[in-house]
>>> print(open('data-v7.cif').read())   # mmCIF, C-alpha atoms and all ligand atoms
data_upload
#
loop_
_atom_site.label_atom_id
_atom_site.label_comp_id
_atom_site.auth_asym_id
_atom_site.auth_seq_id
_atom_site.Cartn_x
_atom_site.Cartn_y
_atom_site.Cartn_z
CA MET A 840 -7.30 84.20 -46.23
CA GLU A 841 -9.53 81.44 -44.87
CA THR A 842 -12.85 83.18 -44.32
CA THR A 843 -15.09 80.32 -43.19
CA GLY A 844 -16.98 81.47 -40.11
CA PHE A 845 -16.53 85.17 -40.95
CA THR A 846 -19.58 87.43 -41.12
CA CYS A 847 -19.78 90.75 -42.93
CA TYR A 848 -22.20 93.38 -41.61
CA ARG A 849 -23.12 95.80 -44.38
CA GLY A 850 -24.65 99.24 -43.78
CA ALA A 851 -23.91 102.90 -43.06
CA LEU A 852 -21.24 103.13 -40.35
CA TYR A 853 -19.83 105.93 -38.20
CA GLN A 854 -17.01 105.67 -35.68
CA PRO A 855 -14.68 108.01 -33.81
CA LEU A 856 -11.00 107.36 -34.38
CA GLU A 857 -9.40 109.78 -31.96
CA VAL A 858 -10.30 112.71 -29.76
CA PHE A 859 -11.97 115.37 -31.89
CA ASP A 860 -10.27 118.73 -31.47
CA LEU A 861 -12.74 121.39 -32.50
CA HIS A 862 -9.96 123.95 -32.99
CA ALA A 863 -7.69 121.76 -35.07
CA PRO A 864 -9.78 119.14 -36.87
CA THR A 865 -7.42 116.78 -38.60
CA GLY A 866 -9.93 114.96 -40.75
CA SER A 867 -8.87 111.66 -39.23
CA ALA A 868 -10.82 112.06 -36.02
CA TYR A 869 -13.69 109.94 -37.28
CA GLU A 870 -14.72 107.63 -40.10
CA TRP A 871 -17.99 107.82 -42.02
CA LEU A 872 -18.76 105.05 -44.49
CA PRO A 873 -22.24 105.43 -46.03
CA ASP A 874 -22.01 101.85 -47.33
CA ALA A 875 -19.55 99.88 -45.19
CA GLY A 876 -18.58 96.25 -44.79
CA LEU A 877 -17.57 95.24 -41.26
CA VAL A 878 -15.98 91.78 -41.34
CA VAL A 879 -15.94 89.85 -38.07
CA ASN A 880 -14.28 86.48 -37.42
CA GLU A 881 -15.74 83.61 -35.39
CA ALA A 882 -13.99 84.88 -32.25
CA GLY A 883 -15.91 88.15 -32.55
CA ILE A 884 -12.89 90.22 -33.61
CA VAL A 885 -13.04 92.80 -36.40
CA VAL A 886 -10.95 91.55 -39.31
CA ALA A 887 -11.62 94.35 -41.79
CA LEU A 888 -13.63 97.51 -42.17
CA SER A 889 -13.93 99.53 -45.38
CA ALA A 890 -16.24 100.64 -48.13
CA TRP A 891 -18.47 97.76 -49.24
CA GLU A 892 -16.98 97.48 -52.78
CA GLN A 893 -13.52 96.86 -51.32
CA ILE A 894 -14.83 94.28 -48.87
CA GLN A 895 -16.75 92.55 -51.65
CA THR A 896 -13.54 92.22 -53.68
CA ALA A 897 -11.39 91.11 -50.75
CA PHE A 898 -13.95 88.69 -49.23
CA PRO A 899 -16.05 87.48 -52.20
CA THR A 900 -17.54 84.45 -50.42
CA VAL A 901 -18.15 85.87 -46.96
CA LYS A 902 -21.62 85.57 -45.43
CA VAL A 903 -23.29 89.02 -45.50
CA ILE A 904 -25.90 90.51 -43.18
CA HIS A 905 -27.20 93.58 -44.98
CA PHE A 906 -28.98 96.09 -42.76
CA ALA A 907 -31.85 98.10 -44.19
CA GLU A 908 -31.21 101.60 -45.58
CA ASN A 909 -32.55 103.37 -42.50
CA CYS A 910 -30.06 101.56 -40.24
CA LEU A 911 -26.76 102.86 -38.94
CA ILE A 912 -23.91 100.87 -37.40
CA LEU A 913 -22.14 102.57 -34.46
CA PRO A 914 -19.57 101.34 -31.95
CA GLY A 915 -21.30 100.11 -28.78
CA LEU A 916 -21.90 102.91 -26.29
CA VAL A 917 -19.76 103.10 -23.15
CA ASP A 918 -21.45 104.13 -19.90
CA ALA A 919 -18.37 104.71 -17.79
CA HIS A 920 -20.14 105.35 -14.48
CA THR A 921 -23.42 103.81 -13.38
CA HIS A 922 -24.80 102.03 -10.29
CA LEU A 923 -26.45 98.62 -10.66
CA PRO A 924 -28.34 98.61 -7.32
CA GLN A 925 -29.84 102.04 -7.97
CA TRP A 926 -31.74 101.10 -11.13
CA PRO A 927 -34.95 100.28 -9.22
CA VAL A 928 -34.95 103.71 -7.49
CA THR A 929 -34.17 106.10 -10.35
CA ALA A 930 -36.00 109.43 -10.49
CA HIS A 931 -36.46 109.76 -6.71
CA ALA A 932 -35.88 113.47 -6.23
CA ALA A 933 -34.17 114.98 -3.18
CA ASN A 934 -32.53 118.22 -2.20
CA THR A 935 -28.85 117.32 -1.91
CA LEU A 936 -26.61 114.37 -2.69
CA LEU A 937 -26.24 113.32 0.94
CA ALA A 938 -29.99 113.67 1.68
CA TRP A 939 -30.78 111.62 -1.46
CA LEU A 940 -28.32 108.88 -0.47
CA GLU A 941 -29.89 108.61 2.98
CA ALA A 942 -33.51 108.79 1.86
CA PHE A 943 -33.48 106.45 -1.14
CA ILE A 944 -30.14 104.95 -2.06
CA PHE A 945 -28.81 103.46 1.15
CA PRO A 946 -32.14 101.70 1.99
CA GLU A 947 -32.30 100.22 -1.53
CA GLU A 948 -28.67 99.07 -1.54
CA ALA A 949 -29.28 97.37 1.84
CA ARG A 950 -31.77 95.06 0.08
CA TYR A 951 -28.89 93.37 -1.80
CA THR A 952 -28.09 91.16 1.20
CA ASN A 953 -31.01 89.14 -0.17
CA THR A 954 -29.31 87.05 -2.84
CA ASP A 955 -32.54 86.33 -4.75
CA TYR A 956 -33.19 90.05 -5.04
CA ALA A 957 -29.56 90.69 -6.01
CA ARG A 958 -29.79 88.11 -8.81
CA GLU A 959 -33.10 89.34 -10.14
CA GLN A 960 -31.99 92.98 -10.19
CA SER A 961 -28.56 92.20 -11.64
CA SER A 962 -30.13 90.27 -14.48
CA THR A 963 -32.61 93.09 -15.16
CA PHE A 964 -29.90 95.74 -15.07
CA PHE A 965 -27.47 94.05 -17.45
CA LYS A 966 -30.28 93.34 -19.92
CA ALA A 967 -31.35 96.98 -19.68
CA LEU A 968 -27.82 98.20 -20.48
CA LEU A 969 -27.79 96.15 -23.68
CA ALA A 970 -31.29 97.34 -24.61
CA HIS A 971 -29.98 100.91 -24.33
CA GLY A 972 -27.10 100.19 -26.71
CA THR A 973 -24.49 100.15 -23.95
CA THR A 974 -22.00 97.37 -24.58
CA THR A 975 -19.42 98.42 -21.97
CA ALA A 976 -20.02 99.86 -18.51
CA GLY A 977 -18.10 100.97 -15.44
CA VAL A 978 -20.48 99.77 -12.75
CA LEU A 979 -20.65 100.48 -9.03
CA LEU A 980 -22.34 97.77 -6.99
CA ALA A 981 -23.86 97.11 -3.56
CA PRO A 982 -21.40 96.83 -0.64
CA PHE A 983 -21.76 93.04 -0.23
CA ALA A 984 -19.37 90.36 -1.48
CA GLN A 985 -22.13 87.91 -2.39
CA ALA A 986 -24.09 90.52 -4.37
CA THR A 987 -20.84 91.45 -6.18
CA HIS A 988 -20.24 87.82 -7.10
CA ILE A 989 -23.81 87.55 -8.39
CA ALA A 990 -23.39 90.73 -10.45
CA PHE A 991 -20.34 89.19 -12.18
CA GLU A 992 -22.22 85.96 -12.83
CA GLU A 993 -25.11 87.86 -14.41
CA ALA A 994 -22.85 90.08 -16.55
CA GLN A 995 -21.13 86.91 -17.71
CA ARG A 996 -24.50 85.35 -18.54
CA GLN A 997 -26.01 88.40 -20.29
CA GLY A 998 -22.87 89.12 -22.33
CA ASN A 999 -21.94 92.64 -21.15
CA ARG A 1000 -18.42 94.03 -21.08
CA VAL A 1001 -17.93 95.50 -17.59
CA VAL A 1002 -15.42 97.00 -15.20
CA MET A 1003 -16.72 96.72 -11.61
CA GLY A 1004 -16.02 95.62 -8.05
CA LEU A 1005 -17.21 95.45 -4.46
CA ASN A 1006 -18.47 98.83 -3.20
CA LEU A 1007 -16.22 99.61 -0.24
CA MET A 1008 -17.67 101.49 2.75
CA ASP A 1009 -16.84 101.29 6.44
CA CYS A 1010 -18.27 104.59 7.79
CA GLY A 1011 -20.68 107.44 7.07
CA ALA A 1012 -23.72 105.28 6.27
CA PRO A 1013 -26.23 103.06 8.11
CA ASP A 1014 -24.61 100.07 9.86
CA GLU A 1015 -26.23 97.48 7.61
CA LEU A 1016 -24.15 98.79 4.67
CA LEU A 1017 -20.82 98.82 6.51
CA SER A 1018 -18.17 96.18 7.13
CA PRO A 1019 -14.78 96.45 8.83
CA ALA A 1020 -11.97 97.66 6.56
CA ASN A 1021 -10.00 94.40 6.89
CA THR A 1022 -13.00 92.29 5.92
CA LEU A 1023 -13.74 94.45 2.87
CA LEU A 1024 -10.11 94.44 1.74
CA ALA A 1025 -9.88 90.66 1.99
CA GLN A 1026 -13.20 90.21 0.16
CA THR A 1027 -12.39 92.65 -2.64
CA GLU A 1028 -8.98 91.05 -3.26
CA GLN A 1029 -10.57 87.61 -3.39
CA LEU A 1030 -13.26 88.79 -5.83
CA CYS A 1031 -10.59 90.44 -7.99
CA LYS A 1032 -8.60 87.19 -8.18
CA GLN A 1033 -11.72 85.33 -9.22
CA TRP A 1034 -13.20 87.75 -11.75
CA HIS A 1035 -10.53 90.04 -13.23
CA GLY A 1036 -10.12 89.01 -16.88
CA ALA A 1037 -12.88 86.39 -16.76
CA ALA A 1038 -15.08 85.52 -19.76
CA HIS A 1039 -12.07 85.88 -22.13
CA GLY A 1040 -11.36 89.36 -20.79
CA ARG A 1041 -14.94 90.66 -21.05
CA LEU A 1042 -15.15 91.11 -17.26
CA SER A 1043 -12.66 93.33 -15.44
CA TYR A 1044 -12.35 94.11 -11.78
CA ALA A 1045 -12.07 97.59 -10.22
CA TRP A 1046 -11.36 98.69 -6.65
CA ALA A 1047 -14.39 100.78 -5.71
CA PRO A 1048 -14.12 102.84 -2.52
CA ARG A 1049 -17.53 104.56 -2.74
CA PHE A 1050 -16.20 108.05 -1.93
CA ALA A 1051 -14.05 109.63 0.77
CA GLY A 1052 -17.15 110.16 2.93
CA SER A 1053 -17.77 106.44 3.31
CA CYS A 1054 -14.17 105.29 3.84
CA SER A 1055 -11.89 105.41 6.87
CA GLU A 1056 -8.20 106.17 6.42
CA ALA A 1057 -7.50 102.50 7.11
CA LEU A 1058 -9.76 101.48 4.22
CA LEU A 1059 -8.36 104.06 1.79
CA GLY A 1060 -4.83 103.03 2.79
CA GLY A 1061 -5.69 99.38 2.11
CA VAL A 1062 -7.06 100.27 -1.33
CA GLY A 1063 -3.83 102.16 -2.02
CA ARG A 1064 -1.84 99.01 -1.22
CA LEU A 1065 -4.04 96.96 -3.55
CA CYS A 1066 -3.50 99.56 -6.31
CA GLN A 1067 0.23 99.06 -5.93
CA GLU A 1068 0.04 95.30 -5.82
CA TYR A 1069 -2.27 95.07 -8.86
CA PRO A 1070 -1.02 97.82 -11.18
CA LEU A 1071 -3.38 96.85 -14.01
CA VAL A 1072 -6.62 96.99 -11.98
CA ARG A 1073 -8.76 100.14 -12.23
CA MET A 1074 -9.79 102.25 -9.20
CA HIS A 1075 -13.24 103.86 -9.51
CA THR A 1076 -14.75 106.38 -7.07
CA HIS A 1077 -16.59 109.73 -6.77
CA LEU A 1078 -14.90 113.13 -6.53
CA ALA A 1079 -16.09 116.72 -5.97
CA GLU A 1080 -19.71 116.23 -7.01
CA GLN A 1081 -21.27 118.86 -4.73
CA ARG A 1082 -19.88 121.68 -2.62
CA SER A 1083 -21.96 120.53 0.38
CA GLU A 1084 -20.48 117.02 -0.02
CA TRP A 1085 -16.92 118.25 0.56
CA ALA A 1086 -18.09 120.56 3.38
CA ALA A 1087 -19.59 117.51 5.14
CA ILE A 1088 -16.58 115.21 4.75
CA GLN A 1089 -13.73 117.72 5.05
CA PRO A 1090 -13.66 117.52 8.90
CA GLN A 1091 -12.95 113.78 8.56
CA PHE A 1092 -9.77 114.70 6.62
CA ALA A 1093 -8.87 118.00 8.31
CA TRP A 1094 -5.28 117.68 7.07
CA ALA A 1095 -6.29 117.67 3.39
CA LYS A 1096 -5.79 120.90 1.42
CA ASP A 1097 -8.54 119.88 -1.02
CA TYR A 1098 -10.72 116.90 -2.00
CA LEU A 1099 -8.21 115.32 -4.38
CA ALA A 1100 -5.51 115.43 -1.69
CA VAL A 1101 -7.46 112.79 0.27
CA TYR A 1102 -7.14 110.29 -2.55
CA GLU A 1103 -3.56 111.36 -3.31
CA ARG A 1104 -2.47 110.72 0.27
CA PHE A 1105 -3.45 107.05 -0.06
CA GLY A 1106 -2.03 106.47 -3.56
CA LEU A 1107 -5.38 106.41 -5.36
CA VAL A 1108 -4.59 109.05 -8.00
CA ARG A 1109 -2.82 107.28 -10.87
CA ASP A 1110 -3.33 106.40 -14.51
CA GLN A 1111 -5.65 103.52 -13.63
CA SER A 1112 -8.01 105.80 -11.66
CA LEU A 1113 -11.38 107.08 -12.72
CA PHE A 1114 -13.27 109.71 -10.80
CA ALA A 1115 -16.96 110.36 -11.36
CA HIS A 1116 -18.01 114.03 -11.53
CA GLY A 1117 -15.06 116.31 -10.69
CA ILE A 1118 -17.26 119.40 -10.96
CA HIS A 1119 -15.86 121.47 -8.12
CA LEU A 1120 -12.14 121.15 -8.72
CA SER A 1121 -9.52 123.87 -8.46
CA PRO A 1122 -7.09 124.43 -11.37
CA SER A 1123 -4.46 122.75 -9.18
CA GLU A 1124 -6.61 119.62 -8.74
CA GLN A 1125 -7.29 119.52 -12.49
CA SER A 1126 -3.61 119.72 -13.32
CA ARG A 1127 -2.71 117.09 -10.70
CA LEU A 1128 -5.28 114.75 -12.26
CA LYS A 1129 -3.72 115.37 -15.66
CA GLN A 1130 -0.21 114.78 -14.32
CA ALA A 1131 -1.32 111.46 -12.89
CA ASN A 1132 -3.03 110.61 -16.20
CA ALA A 1133 -6.24 109.83 -14.30
CA SER A 1134 -9.70 110.03 -15.93
CA LEU A 1135 -12.84 111.97 -15.13
CA ILE A 1136 -16.32 110.69 -15.87
CA HIS A 1137 -18.84 113.43 -16.58
CA CYS A 1138 -22.43 112.55 -15.65
CA PRO A 1139 -24.53 115.53 -16.79
CA SER A 1140 -28.00 113.99 -16.34
CA ALA A 1141 -27.18 113.17 -12.70
CA ASN A 1142 -25.71 116.65 -12.20
CA PHE A 1143 -28.95 118.22 -13.43
CA PHE A 1144 -31.04 115.88 -11.27
CA LEU A 1145 -29.19 116.54 -8.00
CA LYS A 1146 -28.38 120.17 -8.85
CA SER A 1147 -24.71 119.46 -8.38
CA GLY A 1148 -23.39 122.30 -10.54
CA ARG A 1149 -22.05 122.80 -14.04
CA PHE A 1150 -19.20 120.57 -15.19
CA PRO A 1151 -16.26 122.68 -16.46
CA TRP A 1152 -16.20 121.20 -19.96
CA GLN A 1153 -13.91 123.78 -21.55
CA ALA A 1154 -11.38 123.70 -18.72
CA THR A 1155 -11.32 119.90 -18.85
CA GLN A 1156 -10.75 119.95 -22.60
CA GLN A 1157 -8.05 122.57 -22.27
CA ALA A 1158 -6.36 120.52 -19.56
CA ASN A 1159 -6.60 117.61 -22.03
CA LEU A 1160 -7.97 115.29 -19.36
CA SER A 1161 -9.10 111.81 -20.27
CA LEU A 1162 -12.89 112.02 -20.14
CA GLY A 1163 -15.70 109.47 -20.26
CA LEU A 1164 -19.45 109.99 -19.96
CA GLY A 1165 -21.74 108.22 -17.50
CA SER A 1166 -25.45 107.87 -16.82
CA ASP A 1167 -24.78 107.70 -13.06
CA VAL A 1168 -28.07 105.88 -12.61
CA GLY A 1169 -29.87 106.37 -10.18
CA ALA A 1170 -28.83 110.05 -9.75
CA GLY A 1171 -29.18 110.03 -13.51
CA PRO A 1172 -32.80 109.08 -14.24
CA LEU A 1173 -32.14 107.15 -17.49
CA LEU A 1174 -29.65 104.63 -18.87
CA SER A 1175 -29.64 106.16 -22.36
CA MET A 1176 -26.20 107.42 -23.38
CA PHE A 1177 -27.94 109.44 -26.12
CA GLN A 1178 -29.71 111.32 -23.32
CA VAL A 1179 -26.38 111.73 -21.51
CA MET A 1180 -24.75 113.20 -24.66
CA ARG A 1181 -27.72 115.54 -25.06
CA ASP A 1182 -27.50 116.66 -21.43
CA ALA A 1183 -23.74 117.23 -21.70
CA GLN A 1184 -24.46 119.57 -24.58
CA TRP A 1185 -27.38 121.33 -22.89
CA MET A 1186 -25.46 121.83 -19.66
CA GLN A 1187 -22.97 124.10 -21.45
CA LEU A 1188 -24.98 127.28 -21.89
CA GLU A 1189 -22.66 129.01 -24.31
CA ASP A 1190 -20.24 126.60 -25.89
CA LEU A 1191 -21.31 124.11 -28.52
CA ILE A 1192 -19.87 120.66 -27.97
CA CYS A 1193 -19.40 119.26 -31.43
CA PRO A 1194 -21.38 116.02 -32.07
CA HIS A 1195 -18.15 114.22 -33.01
CA GLN A 1196 -16.73 115.13 -29.63
CA LEU A 1197 -19.79 113.85 -27.79
CA PHE A 1198 -19.66 110.55 -29.67
CA TYR A 1199 -15.96 110.23 -28.93
CA HIS A 1200 -16.51 110.60 -25.18
CA ALA A 1201 -19.53 108.24 -25.21
CA THR A 1202 -17.49 105.52 -26.95
CA LEU A 1203 -13.70 105.57 -27.36
CA GLY A 1204 -13.13 108.18 -24.60
CA GLY A 1205 -15.10 106.09 -22.10
CA ALA A 1206 -13.25 102.96 -23.19
CA GLN A 1207 -9.96 104.75 -22.61
CA ALA A 1208 -11.05 105.84 -19.12
CA LEU A 1209 -11.93 102.22 -18.34
CA GLY A 1210 -8.60 100.97 -19.71
CA LEU A 1211 -10.28 99.14 -22.60
CA SER A 1212 -9.47 101.30 -25.63
CA SER A 1213 -7.29 98.61 -27.20
CA ILE A 1214 -10.28 96.24 -27.07
CA THR A 1215 -13.40 98.34 -27.64
CA GLY A 1216 -14.66 101.92 -28.17
CA ASN A 1217 -14.55 101.77 -31.97
CA LEU A 1218 -14.45 99.14 -34.72
CA GLN A 1219 -10.85 99.24 -35.88
CA PRO A 1220 -9.53 95.86 -37.09
CA GLY A 1221 -8.17 93.83 -34.19
CA LYS A 1222 -10.76 95.11 -31.72
CA ALA A 1223 -13.82 93.29 -30.42
CA ALA A 1224 -16.90 93.66 -32.61
CA ASP A 1225 -18.91 95.59 -30.00
CA PHE A 1226 -21.48 97.51 -32.02
CA ILE A 1227 -25.06 98.63 -32.19
CA VAL A 1228 -27.46 98.98 -35.06
CA VAL A 1229 -29.76 101.97 -34.74
CA ALA A 1230 -32.79 102.89 -36.79
CA PRO A 1231 -35.09 105.85 -36.21
CA HIS A 1232 -38.43 104.89 -34.78
CA ALA A 1233 -40.98 104.87 -37.60
CA GLN A 1234 -43.02 107.72 -36.13
CA GLN A 1235 -39.91 109.82 -35.64
CA ALA A 1236 -38.37 109.36 -39.08
CA LEU A 1237 -38.74 113.04 -39.80
CA ILE A 1238 -36.29 113.50 -42.61
CA PRO A 1239 -37.06 111.89 -45.95
CA GLU A 1240 -33.52 110.74 -46.76
CA ASN A 1241 -32.04 107.52 -45.55
CA TRP A 1242 -29.00 107.80 -43.31
CA GLN A 1243 -26.77 106.88 -46.21
CA HIS A 1244 -27.73 110.00 -48.13
CA ALA A 1245 -28.01 112.52 -45.28
CA PRO A 1246 -25.13 114.86 -44.37
CA LEU A 1247 -23.12 113.37 -41.53
CA GLU A 1248 -23.58 116.36 -39.20
CA ILE A 1249 -27.37 115.98 -39.51
CA VAL A 1250 -27.17 112.24 -38.85
CA LEU A 1251 -25.17 112.79 -35.65
CA SER A 1252 -27.31 115.68 -34.46
CA ARG A 1253 -30.47 113.68 -34.95
CA LEU A 1254 -29.05 110.81 -32.95
CA ILE A 1255 -27.94 113.05 -30.09
CA TYR A 1256 -31.10 115.11 -29.89
CA GLN A 1257 -33.77 112.59 -30.84
CA ALA A 1258 -32.66 109.00 -30.35
CA ASP A 1259 -34.30 107.02 -27.59
CA PRO A 1260 -33.97 103.34 -26.65
CA THR A 1261 -36.60 102.34 -29.21
CA TRP A 1262 -34.05 103.27 -31.91
CA ILE A 1263 -31.69 100.50 -30.76
CA LYS A 1264 -32.39 97.64 -33.16
CA GLN A 1265 -29.58 95.27 -32.16
CA THR A 1266 -26.66 95.21 -29.73
CA TYR A 1267 -23.60 93.03 -30.43
CA VAL A 1268 -20.82 92.29 -27.97
CA GLN A 1269 -17.75 90.53 -29.35
CA GLY A 1270 -19.62 89.64 -32.53
CA VAL A 1271 -22.61 88.06 -30.77
CA CYS A 1272 -26.06 89.64 -30.91
CA MET A 1273 -26.96 90.06 -27.22
CA TYR A 1274 -30.09 92.13 -27.72
CA GLU A 1275 -32.64 92.38 -30.48
CA ASN A 1276 -35.42 94.94 -30.28
CA PRO A 1277 -38.69 93.06 -30.74
CA VAL A 1278 -40.44 96.13 -32.19
CA VAL A 1279 -38.10 97.98 -34.60
N1 LIG B 1301 -21.37 109.83 -3.92
C1 LIG B 1301 -21.27 108.78 -3.07
N2 LIG B 1301 -22.14 107.80 -3.40
C2 LIG B 1301 -22.79 108.25 -4.49
C3 LIG B 1301 -23.82 107.69 -5.30
O1 LIG B 1301 -24.30 106.58 -5.08
N3 LIG B 1301 -24.25 108.45 -6.34
C4 LIG B 1301 -23.74 109.68 -6.62
N4 LIG B 1301 -24.20 110.36 -7.66
N5 LIG B 1301 -22.78 110.23 -5.87
C5 LIG B 1301 -22.32 109.53 -4.82
ZN ZN B 1302 -22.21 107.68 -8.97
#
>>> encode(input="data-v7.cif", output="C-alpha cells", more="lines below")
Ligand code: GUN
Ligand code: ZN
Amino acid sequence: METTGFTCYRGALYQPLEVFDLHAPTGSAYEWLPDAGLVVNEAGIVVALSAWEQIQTAFPTVKVIHFAENCLILPGLVDAHTHLPQWPVTAHAANTLLAWLEAFIFPEEARYTNTDYAREQSSTFFKALLAHGTTTAGVLLAPFAQATHIAFEEAQRQGNRVVMGLNLMDCGAPDELLSPANTLLAQTEQLCKQWHGAAHGRLSYAWAPRFAGSCSEALLGGVGRLCQEYPLVRMHTHLAEQRSEWAAIQPQFAWAKDYLAVYERFGLVRDQSLFAHGIHLSPSEQSRLKQANASLIHCPSANFFLKSGRFPWQATQQANLSLGLGSDVGAGPLLSMFQVMRDAQWMQLEDLICPHQLFYHATLGGAQALGLSSITGNLQPGKAADFIVVAPHAQQALIPENWQHAPLEIVLSRLIYQADPTWIKQTYVQGVCMYENPVV
C-alpha cells in the first residue's frame, strides 16, 4: 500500500465498540490497546488500528508520532446537546426551568441580533468545545438566521464536527426572540440547503424547534413537513425536562394525552429525532420513542442544576433506547463531558453505571443519536480520525504507574472521576490537530 502522507499515532488507546451490556458482557464491547498504532491517511481517515508491533510490520516506513507514556488516546467526546448562546451565562441559578429561561437565557439569546457579538461568542464557544475534548456536538443556537449562519461559519473555521440549526420559536417568549412561523420555516430550509453536509460532511443541519412551549401548531406542523421532505436531516428539541414545564404548556395542547403526543401529532417522532432530557416520561412514551427509533439525550449536570428530577437510567437501558449524553450548557454549568459522565453516575443513587457504558454514551452512543456513528464515535478503520490525547495533570498524577501498565478499570474510573479540561493535551478532528493545550 502507498503510505506517503500517512501518519501513525502511537500510544495507549481505549475505544468503545458497541453498547456495553452490563448483564451480558461479550468481551467485544470495547478495545484496549496499551501500545497501539493508529494509522491515519492524508484525508484524515483511519486506515488501520492495532497493536504497535503489527502496525510496525505492516507500515514500516510510516511517519510516527509517539505520545509519552502518561498519555492516552480516546475517541473524541460527543456532546449531543448543548446551547452555543448560553455559554456566557452558565451557572446562573434559578428556581425552575421556565423562571431561569426568562431571567437569564432569553435576555442573553436576544443579544445575538448583534452580528459582531454572535461572531465573537460563536468563535469562543467552538474553541471551548475543542479545548474540552469535544470533537462532535449537537448544538442549539439563537433564534436568528444571521446568527445561525455565523455559527456555521465559525464551526467551519474552528474545525468542529456539528449538528445544528436555527432555533425555532414563535410564541411563549419575549417578542424580540420570536418570528412568524412562515418566516422561520423559510429561513431554516434555506440554511439547511446551504449548510447540510458542508465542509466535506463535517457540518450537518438539524431542525430545532426549541420545545413545544415555544412553538405554535403551525410551526410544529411546518417542521413535520420539513422532516418528511428531508428524511436524512435530524430533528433536535427538548422533552419532559420538568413536571412544571409540562403543566405550563399542556393547556396550549389540551388535546394531547401526554408530552410526546404533541411531537407525534406533527410527525416529529422518528428515527432522525433526538430529544433532550426525557426525565418525566410514562412507560408508554418510552416505548413509543423506542418504536420510532428516536434518541434521548441525558444531561445530568443540567438536571442537577435546575433540579429537574432523576433520569430513569435503568428503564431507558431496559427499553434499549438510543442514548447520548449532553452538557446542556448553560443549564449545565460546564462543557466537560468527563463531568457529565461523573454526574450521570452520581445521579443514580443505587445502581452503578459501568465506566465502559458511560464512555460508550459519551462517544459512540452520542454519535449514533446524532446520526454520525458511521463517521465518528470511535476509531474503527474507515471512520474519521476524531480523537483526543489525554494526560493527567502533573499535580493529579496520583498513581505511580503509567496508563499503559494500570488496570483498564482503574484508568477509566480515574478519567471519569478526576479528569478536568487541563488533562486534554490535544484534540484532533478528521486527522487535524485543532487544539493543543499550551500547558500540559
Ligand atoms: N427547554 C426549552 N428551552 C430550554 C433551554 O434553553 N435549556 C433547557 N435546559 N431546557 C429548555
Ligand atoms: Zn437544552
>>> residues_near_ligand(input="data-v7.cif", ligand="ligand LIG 1301 (chain B)", cutoff="6 Å", atoms="only C-alpha atoms and all ligand atoms", output="PyMOL selection string")
chain A and resi 1049-1050+1077+1170
>>> atom_distance(input="data-v7.cif", atom1="CA of Tyr1098 in chain A", atom2="CA of His1116 in chain A")
12.3 Å
>>> residues_around(input="data-v7.cif", residues="Glu1084 in chain A", least_positions_apart="2", cutoff="10 Å", atoms="all atoms listed in the file", output="list in words")
Thr935, Leu936, Leu937, Ala1051, Gly1052, Leu1078, Ala1079, Glu1080, Gln1081, Arg1082, Ala1086, Ala1087, Ile1088, Gln1089, Tyr1098 and Ser1147 of chain A
>>> closest_atom_pairs(input="data-v7.cif", of="chain A", to="ligand ZN 1302 (chain B)", cutoff="7 Å", atoms="all atoms listed in the file", output="JSON lines")
{"residue": "A:His920", "atom": "CA", "partner": "B:ZN1302", "partner_atom": "ZN", "distance": 6.3}
{"residue": "A:Thr921", "atom": "CA", "partner": "B:ZN1302", "partner_atom": "ZN", "distance": 6.0}
{"residue": "A:His922", "atom": "CA", "partner": "B:ZN1302", "partner_atom": "ZN", "distance": 6.4}
{"residue": "A:His1077", "atom": "CA", "partner": "B:ZN1302", "partner_atom": "ZN", "distance": 6.4}
{"residue": "A:Ala1115", "atom": "CA", "partner": "B:ZN1302", "partner_atom": "ZN", "distance": 6.4}
{"residue": "A:Asp1167", "atom": "CA", "partner": "B:ZN1302", "partner_atom": "ZN", "distance": 4.8}
>>> closest_residue(input="data-v7.cif", among="A:Glu941, A:Asp955, A:Glu857, A:Asp1225", to="Leu877 in chain A", atoms="all atoms listed in the file")
A:Asp1225
>>> closest_residue(input="data-v7.cif", among="A:Gln1184, A:Asn1276, A:Gln1153, A:Gln1207", to="Asn1132 in chain A", atoms="only C-alpha atoms")
A:Gln1207
>>> residues_around(input="data-v7.cif", residues="Pro855 in chain A", least_positions_apart="4", cutoff="12 Å", atoms="all atoms listed in the file", output="number ranges by chain")
A: 859-860, 866-872, 913-916, 1194-1206, 1212, 1215-1219, 1251
>>> closest_residue(input="data-v7.cif", among="A:Pro1220, A:Gly977, A:Pro1246, A:Pro1260", to="Ala887 in chain A", atoms="all atoms listed in the file")
A:Pro1220
>>> closest_residue(input="data-v7.cif", among="A:Arg1149, A:Val928, A:Gln1257, A:Ala851", to="Glu908 in chain A", atoms="only C-alpha atoms")
A:Ala851
>>> residues_around(input="data-v7.cif", residues="Thr929 in chain A", least_positions_apart="3", cutoff="12 Å", atoms="all atoms listed in the file", output="ChimeraX atom specification")
/A:921-926,932-933,939-940,943-944,947,1140-1141,1144-1145,1166-1174
>>> atom_distance(input="data-v7.cif", atom1="CA of Cys1193 in chain A", atom2="CA of Ser1252 in chain A")
9.2 Å
>>> closest_residue(input="data-v7.cif", among="A:Gln995, A:Gln960, A:Asn934, A:Ser1083", to="Phe1143 in chain A", atoms="all atoms listed in the file")
A:Asn934
>>> residues_around(input="data-v7.cif", residues="Gly1060 in chain A", least_positions_apart="2", cutoff="9 Å", atoms="only C-alpha atoms", output="number ranges by chain")
A: 1055-1058, 1062-1065, 1104-1107
>>> atom_distance(input="data-v7.cif", atom1="CA of Lys1264 in chain A", atom2="CA of Met1003 in chain A")
26.7 Å
>>> closest_residue(input="data-v7.cif", among="A:Glu1189, A:Asp918, A:Asp1110, A:Glu948", to="Trp1152 in chain A", atoms="all atoms listed in the file")
A:Glu1189
>>> residues_around(input="data-v7.cif", residues="range 1033-1038 of chain A", least_positions_apart="6", cutoff="9 Å", atoms="all atoms listed in the file", output="PyMOL selection string")
chain A and resi 988+991+995+998+1002+1044-1045+1072
>>> axis_aligned_box(input="data-v7.cif", around="range 1141-1152 of chain A", padding_each_side="6 Å", output="AutoDock Vina command-line options")
--center_x -23.6 --center_y 118.0 --center_z -14.0 --size_x 26.8 --size_y 21.6 --size_z 24.0
>>> residues_near_point(input="data-v7.cif", point="(-11.8, 99.1, -7.0)", cutoff="6 Å", atoms="all atoms listed in the file", output="ChimeraX atom specification")
/A:1004,1045-1047,1074-1075
>>> write_last_selection(input="data-v7.cif", atoms="C-alpha atoms", output="short mmCIF file (atom, residue, chain, number, x, y, z; two decimals), in the coordinates of the input")
data_model
loop_
_atom_site.label_atom_id
_atom_site.label_comp_id
_atom_site.auth_asym_id
_atom_site.auth_seq_id
_atom_site.Cartn_x
_atom_site.Cartn_y
_atom_site.Cartn_z
CA GLY A 1004 -16.02 95.62 -8.05
CA ALA A 1045 -12.07 97.59 -10.22
CA TRP A 1046 -11.36 98.69 -6.65
CA ALA A 1047 -14.39 100.78 -5.71
CA MET A 1074 -9.79 102.25 -9.20
CA HIS A 1075 -13.24 103.86 -9.51
#
